[in-house]
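A.B. asks: Just one file: entry_0.csv, with CSV, N, CA and C atoms and all ligand atoms.
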chain,number,residue,atom,x,y,z
A,1,MET,N,-1.6,30.1,-6.3
A,1,MET,CA,-1.6,30.2,-4.8
A,1,MET,C,-2.0,28.8,-4.2
A,2,ALA,N,-1.3,28.6,-3.1
A,2,ALA,CA,-1.5,27.3,-2.5
A,2,ALA,C,-3.0,27.2,-1.9
A,3,PHE,N,-3.5,26.0,-1.9
A,3,PHE,CA,-4.8,25.7,-1.4
A,3,PHE,C,-4.9,26.0,0.1
A,4,LEU,N,-3.9,25.7,0.8
A,4,LEU,CA,-3.8,25.9,2.2
A,4,LEU,C,-2.5,26.6,2.6
A,5,THR,N,-2.5,27.7,3.3
A,5,THR,CA,-1.3,28.4,3.7
A,5,THR,C,-1.2,28.5,5.2
A,6,TRP,N,-0.1,27.9,5.7
A,6,TRP,CA,0.1,28.0,7.2
A,6,TRP,C,0.6,29.4,7.5
A,7,ASN,N,0.0,30.0,8.6
A,7,ASN,CA,0.6,31.3,9.1
A,7,ASN,C,0.5,31.2,10.6
A,8,LEU,N,1.1,32.3,11.2
A,8,LEU,CA,1.3,32.2,12.7
A,8,LEU,C,-0.1,32.1,13.5
A,9,ASN,N,-1.2,32.5,12.8
A,9,ASN,CA,-2.5,32.4,13.5
A,9,ASN,C,-2.8,30.9,13.8
A,10,TYR,N,-2.1,30.0,13.1
A,10,TYR,CA,-2.3,28.6,13.3
A,10,TYR,C,-1.3,28.0,14.3
A,11,SER,N,-0.5,28.8,14.8
A,11,SER,CA,0.5,28.3,15.7
A,11,SER,C,-0.1,27.8,17.0
A,12,VAL,N,0.3,26.6,17.5
A,12,VAL,CA,-0.2,26.0,18.7
A,12,VAL,C,0.9,26.2,19.8
A,13,LYS,N,1.9,27.0,19.5
A,13,LYS,CA,3.0,27.4,20.4
A,13,LYS,C,3.8,26.2,20.9
A,14,VAL,N,3.8,25.1,20.1
A,14,VAL,CA,4.7,24.0,20.3
A,14,VAL,C,5.4,23.8,19.0
A,15,LYS,N,6.7,24.0,18.9
A,15,LYS,CA,7.4,24.0,17.6
A,15,LYS,C,7.2,22.7,16.8
A,16,ASN,N,7.4,21.6,17.5
A,16,ASN,CA,7.3,20.3,16.8
A,16,ASN,C,5.9,20.1,16.2
A,17,PHE,N,4.8,20.5,16.9
A,17,PHE,CA,3.5,20.3,16.4
A,17,PHE,C,3.2,21.3,15.3
A,18,ASP,N,3.7,22.5,15.4
A,18,ASP,CA,3.6,23.5,14.3
A,18,ASP,C,4.2,22.9,13.0
A,19,ASN,N,5.4,22.3,13.2
A,19,ASN,CA,6.1,21.7,12.0
A,19,ASN,C,5.3,20.6,11.4
A,20,GLN,N,4.7,19.8,12.3
A,20,GLN,CA,3.9,18.6,11.8
A,20,GLN,C,2.7,19.1,11.1
A,21,HIS,N,2.1,20.2,11.7
A,21,HIS,CA,0.9,20.7,11.0
A,21,HIS,C,1.2,21.3,9.6
A,22,GLN,N,2.4,21.9,9.5
A,22,GLN,CA,2.8,22.4,8.2
A,22,GLN,C,3.0,21.3,7.2
A,23,ARG,N,3.5,20.2,7.7
A,23,ARG,CA,3.7,19.0,6.8
A,23,ARG,C,2.3,18.5,6.3
A,24,LEU,N,1.3,18.6,7.2
A,24,LEU,CA,0.0,18.2,6.8
A,24,LEU,C,-0.6,19.1,5.8
A,25,PHE,N,-0.3,20.4,6.0
A,25,PHE,CA,-0.8,21.4,5.0
A,25,PHE,C,-0.1,21.1,3.6
A,26,ASP,N,1.2,20.8,3.7
A,26,ASP,CA,1.9,20.5,2.4
A,26,ASP,C,1.3,19.3,1.7
A,27,LEU,N,1.0,18.2,2.5
A,27,LEU,CA,0.4,17.0,1.9
A,27,LEU,C,-1.0,17.3,1.3
A,28,ILE,N,-1.8,18.1,2.0
A,28,ILE,CA,-3.1,18.4,1.4
A,28,ILE,C,-2.9,19.3,0.1
A,29,ASN,N,-1.9,20.2,0.2
A,29,ASN,CA,-1.6,21.0,-1.0
A,29,ASN,C,-1.2,20.1,-2.2
A,30,SER,N,-0.3,19.1,-1.9
A,30,SER,CA,0.1,18.2,-2.9
A,30,SER,C,-1.0,17.4,-3.6
A,31,LEU,N,-2.0,17.1,-2.7
A,31,LEU,CA,-3.1,16.3,-3.2
A,31,LEU,C,-4.0,17.2,-4.1
A,32,HIS,N,-4.2,18.5,-3.6
A,32,HIS,CA,-4.9,19.5,-4.4
A,32,HIS,C,-4.3,19.7,-5.7
A,33,ASP,N,-2.9,19.9,-5.7
A,33,ASP,CA,-2.2,20.1,-7.0
A,33,ASP,C,-2.3,19.0,-7.9
A,34,ALA,N,-2.2,17.8,-7.3
A,34,ALA,CA,-2.2,16.6,-8.2
A,34,ALA,C,-3.6,16.4,-8.8
A,35,MET,N,-4.6,16.7,-8.1
A,35,MET,CA,-6.0,16.6,-8.6
A,35,MET,C,-6.2,17.7,-9.7
A,36,SER,N,-5.8,18.9,-9.4
A,36,SER,CA,-6.0,20.0,-10.3
A,36,SER,C,-5.3,19.8,-11.6
A,37,THR,N,-4.1,19.2,-11.6
A,37,THR,CA,-3.3,19.0,-12.8
A,37,THR,C,-3.6,17.6,-13.4
A,38,GLY,N,-4.6,17.0,-13.0
A,38,GLY,CA,-5.1,15.7,-13.6
A,38,GLY,C,-4.1,14.6,-13.5
A,39,LYS,N,-3.4,14.5,-12.4
A,39,LYS,CA,-2.4,13.4,-12.2
A,39,LYS,C,-3.2,12.0,-12.1
A,40,SER,N,-2.4,11.0,-12.3
A,40,SER,CA,-3.0,9.6,-12.3
A,40,SER,C,-3.4,9.2,-11.0
A,41,ASN,N,-4.3,8.2,-10.9
A,41,ASN,CA,-4.8,7.7,-9.6
A,41,ASN,C,-3.6,7.1,-8.8
A,42,THR,N,-2.6,6.6,-9.5
A,42,THR,CA,-1.4,6.0,-8.9
A,42,THR,C,-0.7,7.1,-8.0
A,43,VAL,N,-0.6,8.3,-8.7
A,43,VAL,CA,0.0,9.4,-8.0
A,43,VAL,C,-0.9,9.8,-6.8
A,44,LEU,N,-2.2,10.0,-7.0
A,44,LEU,CA,-3.1,10.4,-5.9
A,44,LEU,C,-3.0,9.4,-4.8
A,45,ASP,N,-3.0,8.1,-5.2
A,45,ASP,CA,-3.0,7.0,-4.2
A,45,ASP,C,-1.8,7.1,-3.3
A,46,LYS,N,-0.7,7.5,-3.9
A,46,LYS,CA,0.6,7.6,-3.1
A,46,LYS,C,0.5,8.7,-2.1
A,47,ILE,N,-0.1,9.9,-2.5
A,47,ILE,CA,-0.2,11.0,-1.6
A,47,ILE,C,-1.2,10.8,-0.5
A,48,ILE,N,-2.3,10.1,-0.9
A,48,ILE,CA,-3.4,9.8,0.1
A,48,ILE,C,-2.8,8.9,1.2
A,49,SER,N,-2.1,7.9,0.8
A,49,SER,CA,-1.5,7.0,1.7
A,49,SER,C,-0.5,7.7,2.7
A,50,GLU,N,0.2,8.6,2.1
A,50,GLU,CA,1.2,9.4,2.9
A,50,GLU,C,0.5,10.3,3.9
A,51,LEU,N,-0.6,10.9,3.4
A,51,LEU,CA,-1.4,11.8,4.3
A,51,LEU,C,-2.0,11.0,5.4
A,52,VAL,N,-2.6,9.8,5.2
A,52,VAL,CA,-3.2,9.0,6.2
A,52,VAL,C,-2.1,8.6,7.2
A,53,LEU,N,-1.0,8.1,6.7
A,53,LEU,CA,0.1,7.7,7.6
A,53,LEU,C,0.7,8.8,8.4
A,54,TYR,N,0.9,9.9,7.8
A,54,TYR,CA,1.5,11.1,8.5
A,54,TYR,C,0.5,11.6,9.6
A,55,THR,N,-0.8,11.6,9.2
A,55,THR,CA,-1.8,12.1,10.2
A,55,THR,C,-1.8,11.2,11.4
A,56,LYS,N,-1.7,9.9,11.2
A,56,LYS,CA,-1.6,9.0,12.4
A,56,LYS,C,-0.3,9.3,13.2
A,57,THR,N,0.8,9.5,12.5
A,57,THR,CA,2.0,9.8,13.2
A,57,THR,C,1.9,11.1,14.1
A,58,HIS,N,1.3,12.1,13.4
A,58,HIS,CA,1.2,13.4,14.1
A,58,HIS,C,0.2,13.2,15.3
A,59,PHE,N,-0.9,12.6,15.2
A,59,PHE,CA,-1.8,12.4,16.3
A,59,PHE,C,-1.2,11.7,17.4
A,60,ARG,N,-0.4,10.6,17.0
A,60,ARG,CA,0.3,9.9,18.1
A,60,ARG,C,1.3,10.8,18.9
A,61,SER,N,2.0,11.7,18.2
A,61,SER,CA,2.9,12.6,18.9
A,61,SER,C,2.1,13.4,19.9
A,62,GLU,N,1.0,14.0,19.5
A,62,GLU,CA,0.2,14.8,20.4
A,62,GLU,C,-0.3,13.9,21.6
A,63,GLU,N,-0.8,12.7,21.2
A,63,GLU,CA,-1.5,11.9,22.3
A,63,GLU,C,-0.4,11.4,23.3
A,64,GLU,N,0.8,11.2,22.9
A,64,GLU,CA,1.8,10.7,23.8
A,64,GLU,C,2.1,11.8,24.9
A,65,LEU,N,2.0,13.1,24.4
A,65,LEU,CA,2.2,14.1,25.4
A,65,LEU,C,1.0,14.3,26.3
A,66,PHE,N,-0.2,14.1,25.7
A,66,PHE,CA,-1.4,14.2,26.6
A,66,PHE,C,-1.3,13.1,27.7
A,67,ALA,N,-0.9,11.9,27.3
A,67,ALA,CA,-0.8,10.9,28.3
A,67,ALA,C,0.3,11.2,29.3
A,68,LYS,N,1.4,11.6,28.8
A,68,LYS,CA,2.6,11.9,29.7
A,68,LYS,C,2.3,12.9,30.8
A,69,PHE,N,1.5,14.0,30.4
A,69,PHE,CA,1.2,15.0,31.4
A,69,PHE,C,-0.2,15.0,31.9
A,70,SER,N,-0.9,13.9,31.6
A,70,SER,CA,-2.4,13.8,32.0
A,70,SER,C,-3.1,15.1,31.6
A,71,TYR,N,-3.1,15.4,30.3
A,71,TYR,CA,-3.8,16.6,29.8
A,71,TYR,C,-5.3,16.4,30.1
A,72,PRO,N,-5.9,17.3,30.8
A,72,PRO,CA,-7.3,17.2,31.2
A,72,PRO,C,-8.3,16.9,30.1
A,73,ASP,N,-8.1,17.5,28.9
A,73,ASP,CA,-9.1,17.4,27.8
A,73,ASP,C,-8.8,16.3,26.9
A,74,ARG,N,-7.9,15.4,27.3
A,74,ARG,CA,-7.4,14.4,26.3
A,74,ARG,C,-8.4,13.5,25.7
A,75,LEU,N,-9.4,13.1,26.5
A,75,LEU,CA,-10.4,12.1,26.0
A,75,LEU,C,-11.2,12.7,24.8
A,76,LYS,N,-11.6,14.0,24.9
A,76,LYS,CA,-12.4,14.6,23.9
A,76,LYS,C,-11.5,14.8,22.7
A,77,HIS,N,-10.2,15.3,23.0
A,77,HIS,CA,-9.3,15.5,21.9
A,77,HIS,C,-9.0,14.3,21.1
A,78,VAL,N,-8.7,13.2,21.8
A,78,VAL,CA,-8.3,11.9,21.2
A,78,VAL,C,-9.5,11.4,20.4
A,79,SER,N,-10.7,11.6,20.9
A,79,SER,CA,-11.9,11.1,20.1
A,79,SER,C,-12.1,11.9,18.8
A,80,GLU,N,-11.7,13.1,18.8
A,80,GLU,CA,-11.7,13.9,17.5
A,80,GLU,C,-10.7,13.2,16.5
A,81,HIS,N,-9.5,12.9,17.0
A,81,HIS,CA,-8.5,12.3,16.2
A,81,HIS,C,-9.0,11.0,15.7
A,82,THR,N,-9.6,10.1,16.5
A,82,THR,CA,-10.0,8.8,16.2
A,82,THR,C,-11.1,8.9,15.0
A,83,GLU,N,-12.0,9.8,15.2
A,83,GLU,CA,-13.1,10.0,14.2
A,83,GLU,C,-12.5,10.4,12.9
A,84,PHE,N,-11.5,11.3,12.9
A,84,PHE,CA,-10.9,11.8,11.7
A,84,PHE,C,-10.1,10.7,11.0
A,85,VAL,N,-9.4,9.9,11.8
A,85,VAL,CA,-8.6,8.8,11.2
A,85,VAL,C,-9.5,7.8,10.5
A,86,LYS,N,-10.6,7.5,11.2
A,86,LYS,CA,-11.6,6.6,10.6
A,86,LYS,C,-12.1,7.1,9.2
A,87,LYS,N,-12.5,8.4,9.2
A,87,LYS,CA,-13.0,9.0,8.0
A,87,LYS,C,-12.0,8.9,6.8
A,88,ILE,N,-10.7,9.3,7.1
A,88,ILE,CA,-9.7,9.3,6.0
A,88,ILE,C,-9.3,7.9,5.6
A,89,SER,N,-9.3,7.0,6.6
A,89,SER,CA,-8.9,5.6,6.3
A,89,SER,C,-10.0,5.0,5.4
A,90,ASP,N,-11.3,5.3,5.7
A,90,ASP,CA,-12.4,4.8,4.9
A,90,ASP,C,-12.3,5.4,3.5
A,91,PHE,N,-12.0,6.7,3.4
A,91,PHE,CA,-11.9,7.3,2.1
A,91,PHE,C,-10.7,6.6,1.3
A,92,GLU,N,-9.6,6.4,2.0
A,92,GLU,CA,-8.4,5.8,1.4
A,92,GLU,C,-8.8,4.4,0.8
A,93,LYS,N,-9.5,3.7,1.6
A,93,LYS,CA,-9.9,2.3,1.1
A,93,LYS,C,-10.9,2.4,-0.1
A,94,GLU,N,-11.9,3.3,0.0
A,94,GLU,CA,-12.8,3.4,-1.1
A,94,GLU,C,-12.2,3.9,-2.4
A,95,PHE,N,-11.2,4.8,-2.2
A,95,PHE,CA,-10.5,5.4,-3.3
A,95,PHE,C,-9.7,4.2,-4.0
A,96,LYS,N,-9.0,3.5,-3.2
A,96,LYS,CA,-8.1,2.4,-3.7
A,96,LYS,C,-9.0,1.3,-4.4
A,97,ASP,N,-10.2,1.1,-3.8
A,97,ASP,CA,-11.1,0.1,-4.4
A,97,ASP,C,-11.8,0.6,-5.7
A,98,GLY,N,-11.5,1.9,-6.0
A,98,GLY,CA,-12.1,2.5,-7.2
A,98,GLY,C,-13.6,2.8,-7.0
A,99,LYS,N,-14.0,2.9,-5.8
A,99,LYS,CA,-15.5,3.2,-5.5
A,99,LYS,C,-15.7,4.7,-5.6
A,100,ILE,N,-14.8,5.5,-5.2
A,100,ILE,CA,-14.9,6.9,-5.3
A,100,ILE,C,-13.7,7.6,-5.8
A,101,GLY,N,-13.8,8.8,-6.3
A,101,GLY,CA,-12.7,9.5,-6.8
A,101,GLY,C,-12.3,10.6,-5.8
A,102,LEU,N,-11.2,11.3,-6.0
A,102,LEU,CA,-10.9,12.5,-5.2
A,102,LEU,C,-11.7,13.6,-5.8
A,103,SER,N,-12.3,14.4,-4.9
A,103,SER,CA,-13.1,15.6,-5.3
A,103,SER,C,-12.8,16.8,-4.5
A,104,ILE,N,-13.2,17.9,-5.0
A,104,ILE,CA,-13.0,19.2,-4.3
A,104,ILE,C,-13.7,19.1,-2.9
A,105,GLU,N,-14.8,18.4,-2.9
A,105,GLU,CA,-15.6,18.3,-1.6
A,105,GLU,C,-14.7,17.6,-0.6
A,106,ILE,N,-14.0,16.6,-1.0
A,106,ILE,CA,-13.2,15.9,0.0
A,106,ILE,C,-12.0,16.8,0.4
A,107,LEU,N,-11.4,17.5,-0.6
A,107,LEU,CA,-10.3,18.4,-0.2
A,107,LEU,C,-10.8,19.5,0.7
A,108,ASN,N,-12.0,20.0,0.5
A,108,ASN,CA,-12.6,21.0,1.4
A,108,ASN,C,-12.8,20.5,2.7
A,109,PHE,N,-13.3,19.2,2.8
A,109,PHE,CA,-13.5,18.6,4.1
A,109,PHE,C,-12.2,18.5,4.9
A,110,LEU,N,-11.1,18.1,4.2
A,110,LEU,CA,-9.8,17.9,4.9
A,110,LEU,C,-9.3,19.3,5.4
A,111,ASN,N,-9.4,20.3,4.5
A,111,ASN,CA,-9.0,21.6,4.8
A,111,ASN,C,-9.8,22.2,6.0
A,112,LYS,N,-11.1,22.1,5.9
A,112,LYS,CA,-12.0,22.6,7.0
A,112,LYS,C,-11.7,21.9,8.3
A,113,TRP,N,-11.7,20.6,8.3
A,113,TRP,CA,-11.5,19.8,9.5
A,113,TRP,C,-10.1,20.2,10.2
A,114,LEU,N,-9.1,20.3,9.4
A,114,LEU,CA,-7.8,20.5,9.9
A,114,LEU,C,-7.7,21.9,10.5
A,115,LEU,N,-8.2,22.9,9.8
A,115,LEU,CA,-8.1,24.3,10.3
A,115,LEU,C,-9.0,24.5,11.6
A,116,LYS,N,-10.1,23.9,11.6
A,116,LYS,CA,-11.0,24.0,12.8
A,116,LYS,C,-10.3,23.3,14.0
A,117,HIS,N,-9.8,22.1,13.7
A,117,HIS,CA,-9.2,21.3,14.8
A,117,HIS,C,-8.0,22.0,15.4
A,118,ILE,N,-7.2,22.6,14.5
A,118,ILE,CA,-6.0,23.4,15.0
A,118,ILE,C,-6.4,24.6,15.8
A,119,LYS,N,-7.4,25.4,15.2
A,119,LYS,CA,-7.7,26.6,15.8
A,119,LYS,C,-8.5,26.5,17.2
A,120,GLN,N,-9.3,25.4,17.2
A,120,GLN,CA,-10.1,25.2,18.5
A,120,GLN,C,-9.5,24.2,19.4
A,121,THR,N,-9.4,23.0,18.9
A,121,THR,CA,-9.0,21.9,19.8
A,121,THR,C,-7.5,21.9,20.1
A,122,ASP,N,-6.6,22.1,19.1
A,122,ASP,CA,-5.2,22.1,19.4
A,122,ASP,C,-4.7,23.3,20.2
A,123,LYS,N,-5.2,24.5,19.8
A,123,LYS,CA,-4.8,25.7,20.5
A,123,LYS,C,-5.2,25.6,22.0
A,124,ALA,N,-6.1,24.8,22.3
A,124,ALA,CA,-6.6,24.7,23.7
A,124,ALA,C,-5.5,24.1,24.6
A,125,TYR,N,-4.5,23.4,24.0
A,125,TYR,CA,-3.4,22.8,24.8
A,125,TYR,C,-2.2,23.7,24.9
A,126,SER,N,-2.1,24.8,24.2
A,126,SER,CA,-0.9,25.6,24.1
A,126,SER,C,-0.3,25.9,25.5
A,127,GLU,N,-1.2,26.5,26.3
A,127,GLU,CA,-0.8,27.0,27.6
A,127,GLU,C,-0.3,25.8,28.5
A,128,PHE,N,-1.1,24.7,28.5
A,128,PHE,CA,-0.9,23.6,29.2
A,128,PHE,C,0.5,23.0,28.9
A,129,MET,N,0.8,22.9,27.6
A,129,MET,CA,2.1,22.3,27.1
A,129,MET,C,3.2,23.2,27.5
A,130,ASN,N,3.0,24.5,27.3
A,130,ASN,CA,4.1,25.5,27.7
A,130,ASN,C,4.4,25.4,29.2
A,131,LYS,N,3.4,25.3,30.0
A,131,LYS,CA,3.6,25.1,31.5
A,131,LYS,C,4.3,23.9,31.8
A,132,ASN,N,4.2,22.8,31.0
A,132,ASN,CA,4.9,21.6,31.2
A,132,ASN,C,6.3,21.6,30.5
A,133,GLY,N,6.7,22.7,30.1
A,133,GLY,CA,8.0,22.9,29.5
A,133,GLY,C,8.1,22.5,28.0
A,134,ILE,N,7.0,22.3,27.4
A,134,ILE,CA,6.9,21.9,26.0
A,134,ILE,C,6.6,23.2,25.2
A,135,ASN,N,7.6,23.6,24.4
A,135,ASN,CA,7.4,24.8,23.6
A,135,ASN,C,7.6,24.6,22.1
B,1,FE,FE,-4.9,17.4,17.7
Now that the file is in, can you turn its structure into structure tokens?

C.D. replies:
Amino acid sequence: MAFLTWNLNYSVKVKNFDNQHQRLFDLINSLHDAMSTGKSNTVLDKIISELVLYTKTHFRSEEELFAKFSYPDRLKHVSEHTEFVKKISDFEKEFKDGKIGLSIEILNFLNKWLLKHIKQTDKAYSEFMNKNGIN
């Protein structure tokens, strides 16, 4: 069974963002699988880099629409993104420097952060986006 499974309860009612969220789920699952099956640090390294890069791309997509439509809650939302990017970038660096390894605690942190952010912070923009013609 996959570590993280996307379902309609996680839908933010914007197709593009649902797709991007599913891609993030896939990347976290790849990381979990790679760790569970004892893949090399080179393999883990590659997935971690991809996860960090894709997270930034995804956040940028959301933030572009917040700016375009002057989403009222954008400051709080963007600050959650910024804080998360800092955490995963720090982790990426420490992993690459060999200071820490990938652990189930880190995977659980990614999992919990993402689900909470989608269910609370992202879902809060659904109606606003739909009203602005973004579905
Ligand atoms: Fe978000």

A.B. asks: Would you tabulate, counting all atoms listed in the file, all residues of chain A that have an atom at most 8 Å from an atom of ligand FE 1 (chain B), showing the closest pair of atoms and their distance in Å to one decimal, sorted by chain then ascending number, as a tab-separated table?

C.D. replies:
residue	atom	partner	partner_atom	distance
A:His58	C	B:FE1	FE	7.0
A:Phe59	CA	B:FE1	FE	6.0
A:Glu62	CA	B:FE1	FE	6.3
A:Glu63	N	B:FE1	FE	7.2
A:His77	C	B:FE1	FE	6.2
A:Val78	N	B:FE1	FE	7.0
A:Glu80	C	B:FE1	FE	7.3
A:His81	CA	B:FE1	FE	6.4
A:His117	C	B:FE1	FE	6.0
A:Ile118	N	B:FE1	FE	6.5
A:Thr121	C	B:FE1	FE	5.7
A:Asp122	CA	B:FE1	FE	5.0
A:Lys123	N	B:FE1	FE	7.4

A.B. asks: So that I can check the surroundings of stretch 93-107 of chain A, please list as number ranges by chain every protein, DNA and RNA residue that reaches within 8 Å of it, counting only C-alpha atoms and ignoring chain neighbours fewer than 2 positions away.

C.D. replies: A: 28, 32, 35, 45, 89-91, 109-111

A.B. asks: Just how far from atom C of A:Ser70 is atom N of A:Lys87, in Å to one decimal?

C.D. replies: 25.2 Å

A.B. asks: Quick check, in Å to one decimal: how far apart do atom N of A:Trp113 and atom CA of A:Asn7 lie?

C.D. replies: 16.3 Å

A.B. asks: If you run DSSP on this backbone, which residues of chain A come out as helix (DSSP H, G or I), and could you give them as an MDAnalysis selection string?

C.D. replies: chainID A and resid 8:10 15:36 41:68 74:96 104:131

A.B. asks: Between atom CA of A:Ser126 and atom CA of A:Ser11, what distance in Å does the model show, to one decimal?

C.D. replies: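 About the pair atom CA of A:Ser126 and atom CA of A:Ser11: they are 8.9 Å apart.
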
A.B. asks: Dump as JSON, numbers by chain all residues having an atom at most 7 Å from (9.7, 27.2, 20.4), computed in the file's coordinates with only N, CA and C atoms.

C.D. replies: {"A": [13, 14, 15, 16, 134, 135]}
